[in-house]
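Next comes data_8.cif, a file with mmCIF, N, CA, C and O atoms.
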data_work
#
loop_
_atom_site.label_atom_id
_atom_site.label_comp_id
_atom_site.auth_asym_id
_atom_site.auth_seq_id
_atom_site.Cartn_x
_atom_site.Cartn_y
_atom_site.Cartn_z
N MET I 46 45.92 86.37 77.48
CA MET I 46 46.80 87.40 76.97
C MET I 46 47.97 87.57 77.93
O MET I 46 47.79 87.74 79.13
N GLU I 47 49.15 87.53 77.40
CA GLU I 47 50.35 87.69 78.21
C GLU I 47 50.56 89.16 78.55
O GLU I 47 50.28 90.04 77.74
N ARG I 48 51.05 89.41 79.73
CA ARG I 48 51.35 90.79 80.12
C ARG I 48 52.66 91.23 79.50
O ARG I 48 53.60 90.45 79.39
N THR I 49 52.72 92.48 79.11
CA THR I 49 53.96 93.04 78.59
C THR I 49 54.64 93.78 79.73
O THR I 49 54.06 94.70 80.31
N ILE I 50 55.83 93.35 80.06
CA ILE I 50 56.56 93.97 81.16
C ILE I 50 57.58 94.92 80.56
O ILE I 50 58.42 94.52 79.76
N LYS I 51 57.45 96.19 80.92
CA LYS I 51 58.40 97.18 80.44
C LYS I 51 58.47 98.33 81.44
O LYS I 51 57.60 98.50 82.28
N ARG I 52 59.51 99.10 81.31
CA ARG I 52 59.70 100.25 82.20
C ARG I 52 58.75 101.37 81.80
O ARG I 52 58.40 101.49 80.63
N ASN I 53 58.38 102.21 82.79
CA ASN I 53 57.53 103.33 82.42
C ASN I 53 58.37 104.40 81.73
O ASN I 53 59.59 104.46 81.88
N THR I 54 57.71 105.26 80.96
CA THR I 54 58.45 106.24 80.16
C THR I 54 58.93 107.43 80.97
O THR I 54 59.91 108.07 80.60
N ARG I 55 58.26 107.75 82.07
CA ARG I 55 58.63 108.93 82.84
C ARG I 55 59.99 108.80 83.50
O ARG I 55 60.85 109.66 83.35
N ASP I 56 60.19 107.71 84.27
CA ASP I 56 61.45 107.61 85.01
C ASP I 56 62.15 106.26 84.84
O ASP I 56 63.13 105.99 85.53
N GLY I 57 61.68 105.44 83.93
CA GLY I 57 62.40 104.21 83.60
C GLY I 57 62.37 103.11 84.64
O GLY I 57 63.25 102.25 84.65
N VAL I 58 61.38 103.11 85.52
CA VAL I 58 61.28 102.05 86.53
C VAL I 58 60.09 101.16 86.22
O VAL I 58 59.19 101.52 85.45
N TYR I 59 60.08 99.97 86.81
CA TYR I 59 58.94 99.08 86.67
C TYR I 59 57.90 99.43 87.72
O TYR I 59 58.22 99.70 88.87
N ASN I 60 56.63 99.44 87.33
CA ASN I 60 55.54 99.65 88.27
C ASN I 60 54.93 98.29 88.59
O ASN I 60 54.45 97.59 87.70
N VAL I 61 54.98 97.91 89.86
CA VAL I 61 54.44 96.64 90.30
C VAL I 61 53.06 96.91 90.88
O VAL I 61 52.89 97.77 91.72
N VAL I 62 52.07 96.13 90.42
CA VAL I 62 50.70 96.35 90.85
C VAL I 62 50.12 95.06 91.42
O VAL I 62 50.28 93.99 90.83
N TYR I 63 49.48 95.17 92.57
CA TYR I 63 48.77 94.05 93.18
C TYR I 63 47.32 94.45 93.33
O TYR I 63 47.01 95.62 93.58
N PHE I 64 46.43 93.47 93.20
CA PHE I 64 45.00 93.71 93.33
C PHE I 64 44.37 92.70 94.28
O PHE I 64 44.93 91.63 94.52
N LYS I 65 43.23 93.04 94.79
CA LYS I 65 42.36 92.16 95.56
C LYS I 65 43.08 91.53 96.75
O LYS I 65 43.76 92.21 97.50
N GLU I 66 42.92 90.21 96.94
CA GLU I 66 43.47 89.55 98.12
C GLU I 66 44.99 89.63 98.18
O GLU I 66 45.56 89.74 99.26
N GLN I 67 45.63 89.58 97.02
CA GLN I 67 47.10 89.68 97.01
C GLN I 67 47.55 91.04 97.52
O GLN I 67 48.56 91.14 98.22
N ALA I 68 46.81 92.09 97.19
CA ALA I 68 47.13 93.43 97.70
C ALA I 68 46.96 93.48 99.21
O ALA I 68 47.77 94.08 99.92
N GLN I 69 45.92 92.84 99.71
CA GLN I 69 45.70 92.81 101.15
C GLN I 69 46.84 92.09 101.86
O GLN I 69 47.32 92.55 102.90
N GLN I 70 47.26 90.96 101.31
CA GLN I 70 48.35 90.20 101.94
C GLN I 70 49.65 90.99 101.94
O GLN I 70 50.37 91.01 102.95
N LEU I 71 49.95 91.64 100.83
CA LEU I 71 51.18 92.42 100.76
C LEU I 71 51.14 93.60 101.72
O LEU I 71 52.12 93.86 102.45
N ALA I 72 50.03 94.33 101.76
CA ALA I 72 49.91 95.47 102.66
C ALA I 72 50.02 95.04 104.12
O ALA I 72 50.68 95.70 104.92
N GLU I 73 49.42 93.90 104.44
CA GLU I 73 49.50 93.39 105.82
C GLU I 73 50.94 93.02 106.19
O GLU I 73 51.38 93.25 107.31
N HIS I 74 51.66 92.46 105.22
CA HIS I 74 53.05 92.07 105.46
C HIS I 74 53.96 93.30 105.62
O HIS I 74 54.82 93.33 106.50
N LEU I 75 53.74 94.31 104.79
CA LEU I 75 54.60 95.49 104.83
C LEU I 75 54.27 96.45 105.96
O LEU I 75 55.15 97.08 106.54
N TYR I 76 52.98 96.59 106.26
CA TYR I 76 52.53 97.56 107.27
C TYR I 76 51.91 96.84 108.46
O TYR I 76 50.73 96.98 108.75
N TYR I 77 52.72 96.08 109.16
CA TYR I 77 52.28 95.34 110.35
C TYR I 77 52.13 96.32 111.51
O TYR I 77 52.66 97.45 111.48
N PRO I 78 51.41 95.94 112.58
CA PRO I 78 51.24 96.83 113.73
C PRO I 78 52.58 97.27 114.31
O PRO I 78 53.47 96.46 114.53
N GLY I 79 52.74 98.56 114.49
CA GLY I 79 53.95 99.11 115.08
C GLY I 79 55.11 99.30 114.11
O GLY I 79 56.21 99.66 114.52
N CYS I 80 54.86 99.09 112.82
CA CYS I 80 55.95 99.24 111.86
C CYS I 80 56.30 100.72 111.68
O CYS I 80 55.52 101.61 112.00
N LEU I 81 57.49 100.95 111.18
CA LEU I 81 57.93 102.29 110.87
C LEU I 81 57.47 102.62 109.45
O LEU I 81 57.79 101.89 108.51
N GLY I 82 56.67 103.66 109.30
CA GLY I 82 56.15 104.01 107.98
C GLY I 82 55.46 105.35 108.00
O GLY I 82 55.10 105.87 109.06
N LEU I 83 55.28 105.92 106.83
CA LEU I 83 54.55 107.18 106.72
C LEU I 83 53.08 106.95 107.08
O LEU I 83 52.50 105.93 106.69
N GLU I 84 52.51 107.90 107.79
CA GLU I 84 51.14 107.72 108.27
C GLU I 84 50.15 107.54 107.13
O GLU I 84 49.24 106.72 107.23
N HIS I 85 50.31 108.29 106.05
CA HIS I 85 49.34 108.15 104.96
C HIS I 85 49.48 106.79 104.27
O HIS I 85 48.50 106.22 103.79
N LYS I 86 50.67 106.21 104.26
CA LYS I 86 50.87 104.87 103.69
C LYS I 86 50.23 103.82 104.60
O LYS I 86 49.60 102.88 104.14
N LYS I 87 50.40 103.99 105.91
CA LYS I 87 49.79 103.06 106.86
C LYS I 87 48.27 103.14 106.80
O LYS I 87 47.59 102.13 106.87
N ALA I 88 47.75 104.35 106.59
CA ALA I 88 46.30 104.53 106.46
C ALA I 88 45.79 103.84 105.19
O ALA I 88 44.73 103.20 105.20
N ASN I 89 46.54 103.97 104.10
CA ASN I 89 46.15 103.29 102.86
C ASN I 89 46.18 101.78 103.03
O ASN I 89 45.29 101.07 102.54
N ALA I 90 47.19 101.28 103.72
CA ALA I 90 47.29 99.84 103.97
C ALA I 90 46.11 99.35 104.81
O ALA I 90 45.57 98.27 104.55
N ALA I 91 45.70 100.14 105.78
CA ALA I 91 44.54 99.78 106.60
C ALA I 91 43.27 99.80 105.77
O ALA I 91 42.39 98.94 105.92
N ALA I 92 43.15 100.78 104.87
CA ALA I 92 41.96 100.88 104.02
C ALA I 92 41.85 99.68 103.08
O ALA I 92 40.75 99.20 102.80
N ILE I 93 42.97 99.20 102.60
CA ILE I 93 42.96 98.03 101.71
C ILE I 93 42.36 96.82 102.41
O ILE I 93 41.67 96.01 101.79
N GLN I 94 42.57 96.70 103.71
CA GLN I 94 42.08 95.54 104.46
C GLN I 94 40.57 95.51 104.55
O GLN I 94 39.99 94.48 104.88
N THR I 95 39.89 96.62 104.27
CA THR I 95 38.43 96.65 104.37
C THR I 95 37.75 96.10 103.12
O THR I 95 36.54 95.88 103.14
N TRP I 96 38.51 95.88 102.03
CA TRP I 96 37.90 95.38 100.80
C TRP I 96 37.41 93.95 100.99
O TRP I 96 38.08 93.12 101.59
N VAL I 97 36.23 93.67 100.49
CA VAL I 97 35.65 92.33 100.55
C VAL I 97 35.23 91.94 99.14
O VAL I 97 34.58 92.72 98.45
N ARG I 98 35.62 90.76 98.72
CA ARG I 98 35.26 90.28 97.39
C ARG I 98 33.74 90.15 97.29
O ARG I 98 33.11 89.50 98.11
N PRO I 99 33.13 90.77 96.26
CA PRO I 99 31.69 90.62 96.07
C PRO I 99 31.33 89.14 95.82
O PRO I 99 32.11 88.40 95.21
N ALA I 100 30.18 88.74 96.26
CA ALA I 100 29.76 87.34 96.14
C ALA I 100 29.75 86.86 94.69
O ALA I 100 30.07 85.70 94.42
N GLU I 101 29.42 87.74 93.76
CA GLU I 101 29.33 87.33 92.35
C GLU I 101 30.68 87.36 91.63
O GLU I 101 30.78 86.94 90.48
N MET I 102 31.73 87.84 92.28
CA MET I 102 33.06 87.92 91.64
C MET I 102 33.78 86.59 91.80
O MET I 102 34.11 86.17 92.89
N ARG I 103 34.01 85.93 90.68
CA ARG I 103 34.67 84.64 90.73
C ARG I 103 36.16 84.79 90.97
O ARG I 103 36.73 85.84 90.71
N ILE I 104 36.78 83.75 91.46
CA ILE I 104 38.23 83.72 91.64
C ILE I 104 38.80 82.94 90.47
O ILE I 104 38.45 81.77 90.26
N ALA I 105 39.63 83.59 89.68
CA ALA I 105 40.22 82.94 88.52
C ALA I 105 41.21 81.88 88.97
O ALA I 105 42.02 82.12 89.86
N PRO I 106 41.15 80.70 88.36
CA PRO I 106 42.12 79.66 88.74
C PRO I 106 43.52 80.04 88.29
O PRO I 106 43.68 80.85 87.36
N PRO I 107 44.53 79.47 88.89
CA PRO I 107 45.90 79.78 88.45
C PRO I 107 46.10 79.36 87.00
O PRO I 107 45.56 78.34 86.56
N ARG I 108 46.84 80.15 86.27
CA ARG I 108 47.08 79.86 84.86
C ARG I 108 48.12 78.76 84.72
O ARG I 108 49.11 78.74 85.44
N ARG I 109 47.87 77.90 83.76
CA ARG I 109 48.86 76.87 83.41
C ARG I 109 49.69 77.40 82.26
O ARG I 109 49.17 77.73 81.21
N ARG I 110 50.96 77.48 82.45
CA ARG I 110 51.87 77.93 81.40
C ARG I 110 52.07 76.82 80.38
O ARG I 110 52.03 75.64 80.73
N TRP I 111 52.30 77.21 79.15
CA TRP I 111 52.61 76.25 78.10
C TRP I 111 54.08 75.84 78.23
O TRP I 111 54.95 76.70 78.31
N THR I 112 54.32 74.57 78.25
CA THR I 112 55.69 74.06 78.31
C THR I 112 56.15 73.70 76.90
O THR I 112 55.32 73.51 76.00
N PRO I 113 57.46 73.60 76.70
CA PRO I 113 57.94 73.15 75.38
C PRO I 113 57.36 71.79 74.98
O PRO I 113 57.05 71.57 73.81
N ALA I 114 57.18 70.89 75.94
CA ALA I 114 56.58 69.58 75.63
C ALA I 114 55.14 69.73 75.15
O ALA I 114 54.71 69.06 74.21
N ASP I 115 54.38 70.64 75.81
CA ASP I 115 53.01 70.92 75.37
C ASP I 115 53.00 71.46 73.95
O ASP I 115 52.19 71.06 73.11
N ASP I 116 53.90 72.39 73.69
CA ASP I 116 53.99 73.00 72.35
C ASP I 116 54.32 71.94 71.29
O ASP I 116 53.72 71.92 70.20
N ARG I 117 55.26 71.06 71.59
CA ARG I 117 55.63 70.01 70.63
C ARG I 117 54.45 69.09 70.35
O ARG I 117 54.19 68.73 69.20
N GLU I 118 53.71 68.72 71.38
CA GLU I 118 52.54 67.85 71.20
C GLU I 118 51.46 68.56 70.40
O GLU I 118 50.84 67.97 69.52
N LEU I 119 51.24 69.82 70.68
CA LEU I 119 50.26 70.61 69.94
C LEU I 119 50.63 70.69 68.46
O LEU I 119 49.78 70.48 67.59
N LEU I 120 51.88 70.95 68.17
CA LEU I 120 52.34 71.03 66.79
C LEU I 120 52.28 69.65 66.11
O LEU I 120 51.93 69.55 64.92
N ARG I 121 52.58 68.60 66.86
CA ARG I 121 52.53 67.26 66.30
C ARG I 121 51.11 66.88 65.91
O ARG I 121 50.85 66.37 64.82
N LEU I 122 50.16 67.17 66.81
CA LEU I 122 48.76 66.83 66.54
C LEU I 122 48.16 67.73 65.47
O LEU I 122 47.32 67.29 64.69
N ASP I 123 48.54 69.00 65.48
CA ASP I 123 48.07 69.98 64.50
C ASP I 123 46.55 70.04 64.41
O ASP I 123 45.98 70.25 63.34
N ASP I 124 45.89 69.81 65.53
CA ASP I 124 44.43 69.83 65.59
C ASP I 124 44.02 70.29 66.99
O ASP I 124 44.24 69.55 67.97
N PRO I 125 43.46 71.49 67.10
CA PRO I 125 43.10 72.00 68.43
C PRO I 125 42.16 71.10 69.22
O PRO I 125 42.30 70.96 70.44
N ALA I 126 41.21 70.46 68.55
CA ALA I 126 40.26 69.59 69.26
C ALA I 126 40.96 68.38 69.85
O ALA I 126 40.74 68.02 71.02
N ALA I 127 41.81 67.73 69.06
CA ALA I 127 42.54 66.56 69.56
C ALA I 127 43.54 66.97 70.63
O ALA I 127 43.71 66.27 71.64
N ALA I 128 44.19 68.10 70.45
CA ALA I 128 45.16 68.58 71.43
C ALA I 128 44.48 68.94 72.74
O ALA I 128 45.05 68.72 73.82
N ALA I 129 43.27 69.47 72.67
CA ALA I 129 42.54 69.83 73.89
C ALA I 129 42.34 68.60 74.78
O ALA I 129 42.51 68.67 76.00
N VAL I 130 42.01 67.49 74.16
CA VAL I 130 41.81 66.24 74.91
C VAL I 130 43.15 65.73 75.45
O VAL I 130 43.28 65.40 76.62
N ALA I 131 44.16 65.71 74.59
CA ALA I 131 45.46 65.17 74.96
C ALA I 131 46.15 65.99 76.04
O ALA I 131 46.84 65.45 76.90
N LEU I 132 45.98 67.32 75.97
CA LEU I 132 46.70 68.21 76.90
C LEU I 132 45.84 68.70 78.06
O LEU I 132 46.30 69.49 78.88
N ASP I 133 44.58 68.25 78.10
CA ASP I 133 43.64 68.68 79.16
C ASP I 133 43.53 70.20 79.21
O ASP I 133 43.71 70.83 80.25
N ARG I 134 43.26 70.78 78.04
CA ARG I 134 43.06 72.22 77.91
C ARG I 134 41.81 72.45 77.08
O ARG I 134 41.24 71.50 76.53
N THR I 135 41.40 73.70 76.97
CA THR I 135 40.24 73.98 76.13
C THR I 135 40.66 74.02 74.67
O THR I 135 41.83 74.29 74.35
N GLU I 136 39.71 73.76 73.80
CA GLU I 136 39.99 73.81 72.37
C GLU I 136 40.41 75.22 71.97
O GLU I 136 41.32 75.39 71.16
N GLN I 137 39.77 76.23 72.55
CA GLN I 137 40.12 77.62 72.23
C GLN I 137 41.56 77.93 72.65
O GLN I 137 42.29 78.60 71.92
N SER I 138 41.97 77.44 73.80
CA SER I 138 43.34 77.65 74.26
C SER I 138 44.33 77.02 73.28
O SER I 138 45.34 77.63 72.92
N CYS I 139 44.04 75.80 72.85
CA CYS I 139 44.92 75.12 71.89
C CYS I 139 44.93 75.83 70.55
O CYS I 139 45.99 75.96 69.92
N HIS I 140 43.76 76.30 70.13
CA HIS I 140 43.67 77.03 68.85
C HIS I 140 44.54 78.29 68.89
O HIS I 140 45.31 78.56 67.96
N MET I 141 44.44 79.05 69.97
CA MET I 141 45.20 80.31 70.08
C MET I 141 46.70 80.04 70.19
O MET I 141 47.51 80.73 69.57
N ARG I 142 47.08 79.02 70.95
CA ARG I 142 48.50 78.71 71.09
C ARG I 142 49.08 78.24 69.76
O ARG I 142 50.20 78.63 69.39
N LEU I 143 48.33 77.43 69.04
CA LEU I 143 48.78 76.96 67.73
C LEU I 143 48.96 78.15 66.79
O LEU I 143 49.96 78.23 66.06
N TRP I 144 48.03 79.08 66.82
CA TRP I 144 48.13 80.29 65.99
C TRP I 144 49.37 81.10 66.38
O TRP I 144 50.13 81.55 65.52
N ARG I 145 49.61 81.24 67.67
CA ARG I 145 50.78 82.01 68.13
C ARG I 145 52.09 81.34 67.72
O ARG I 145 53.05 82.01 67.34
N LEU I 146 52.13 80.02 67.79
CA LEU I 146 53.34 79.30 67.37
C LEU I 146 53.57 79.44 65.87
O LEU I 146 54.70 79.65 65.42
N ARG I 147 52.50 79.35 65.11
CA ARG I 147 52.62 79.43 63.64
C ARG I 147 53.00 80.82 63.16
O ARG I 147 53.68 80.96 62.15
N THR I 148 52.55 81.85 63.86
CA THR I 148 52.81 83.22 63.42
C THR I 148 54.04 83.82 64.07
O THR I 148 54.37 84.98 63.81
N GLY I 149 54.71 83.06 64.92
CA GLY I 149 55.92 83.55 65.56
C GLY I 149 55.67 84.44 66.76
O GLY I 149 56.60 85.05 67.30
N GLN I 150 54.43 84.52 67.21
CA GLN I 150 54.11 85.33 68.40
C GLN I 150 54.53 84.62 69.68
O GLN I 150 54.62 85.24 70.72
N ALA I 151 54.74 83.31 69.58
CA ALA I 151 55.28 82.53 70.69
C ALA I 151 56.51 81.81 70.14
O ALA I 151 56.50 81.37 68.99
N PRO I 152 57.55 81.68 70.94
CA PRO I 152 58.76 81.02 70.45
C PRO I 152 58.51 79.53 70.19
O PRO I 152 57.82 78.88 70.96
N ALA I 153 59.07 79.04 69.12
CA ALA I 153 58.95 77.61 68.79
C ALA I 153 59.72 76.80 69.83
O ALA I 153 60.78 77.23 70.30
N PRO I 154 59.19 75.64 70.20
CA PRO I 154 59.89 74.82 71.21
C PRO I 154 61.18 74.25 70.63
O PRO I 154 61.27 73.93 69.46
N ALA I 155 62.17 74.15 71.48
CA ALA I 155 63.45 73.55 71.07
C ALA I 155 63.24 72.03 70.96
O ALA I 155 62.51 71.44 71.75
N ASP I 156 63.85 71.44 69.99
CA ASP I 156 63.70 69.98 69.79
C ASP I 156 64.54 69.18 70.72
O ASP I 156 65.44 69.47 71.30
#
Turn the structure described in the file into structure tokens.
Amino acid sequence: MERTIKRNTRDGVYNVVYFKEQAQQLAEHLYYPGCLGLEHKKANAAAIQTWVRPAEMRIAPPRRRWTPADDRELLRLDDPAAAAVALDRTEQSCHMRLWRLRTGQAPAPAD
């Protein structure tokens, strides 16, 4: 599922959110030892560093974005099972992308 990026309704700004290890890296970068910052912000940054990923929590692999070439091949094959093999993706991924292309939920690739 793609994220919808939009401004919040209260004050019209974007809210940027980081979680897990990425949050720890950002907090460490922004609130380094001796930095100038509000004490409660520095305390929050220090608290973030104490989080440890539970052993049973998997790390999601990086997502592969669909390219126009992938979309053209998927539409050409018109078969999620065959496209899954050709594009090295899951059949479900190909099925959903094909549905999105056909219903206009994803932009059609330029020829």
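A straight line drawn from atom O of Phe64 (chain I) to atom O of Lys86 (chain I) is 15.5 Å long.
Here the question is which of I:Cys139, I:Ala100, I:Ala155, I:Ala105 gets nearest to Ala127 (chain I) using only C-alpha atoms, and that residue is I:Cys139.
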Q: Run DSSP on the backbone of this structure and report the residues of chain I it assigns to alpha helix (DSSP H), as JSON, numbers by chain.
A: {"I": [65, 66, 67, 68, 69, 70, 71, 72, 73, 74, 75, 84, 85, 86, 87, 88, 89, 90, 91, 92, 93, 113, 114, 115, 116, 117, 118, 119, 120, 121, 122, 125, 126, 127, 128, 129, 130, 131, 132, 136, 137, 138, 139, 140, 141, 142, 143, 144, 145, 146, 147, 148]}
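Only residues having an atom at most 5 Å from (47.9, 97.1, 108.1) are included; using all atoms listed in the file, these are Ala72, Glu73, Tyr76, Ala90 and Ala91 of chain I.
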**Q.** Two-atom distance - CA of Val62 (chain I), CA of His74 (chain I) (Å)
**A.** 15.4 Å
Q. Thr112 (chain I): which residues within 7 Å, counting only N, CA, C and O atoms, same-chain residues fewer than 5 positions away excluded, as number ranges by chain?
A. I: 117-118, 154
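Shortest atom-to-atom contact with Leu143 (chain I) among I:Val130, I:Asp156, I:Ile104, I:Asp124: I:Asp124, counting only C-alpha atoms.
Atom pair atom C of Arg142 (chain I) / CA of Leu119 (chain I) has a distance of 7.7 Å (rounded to one decimal).
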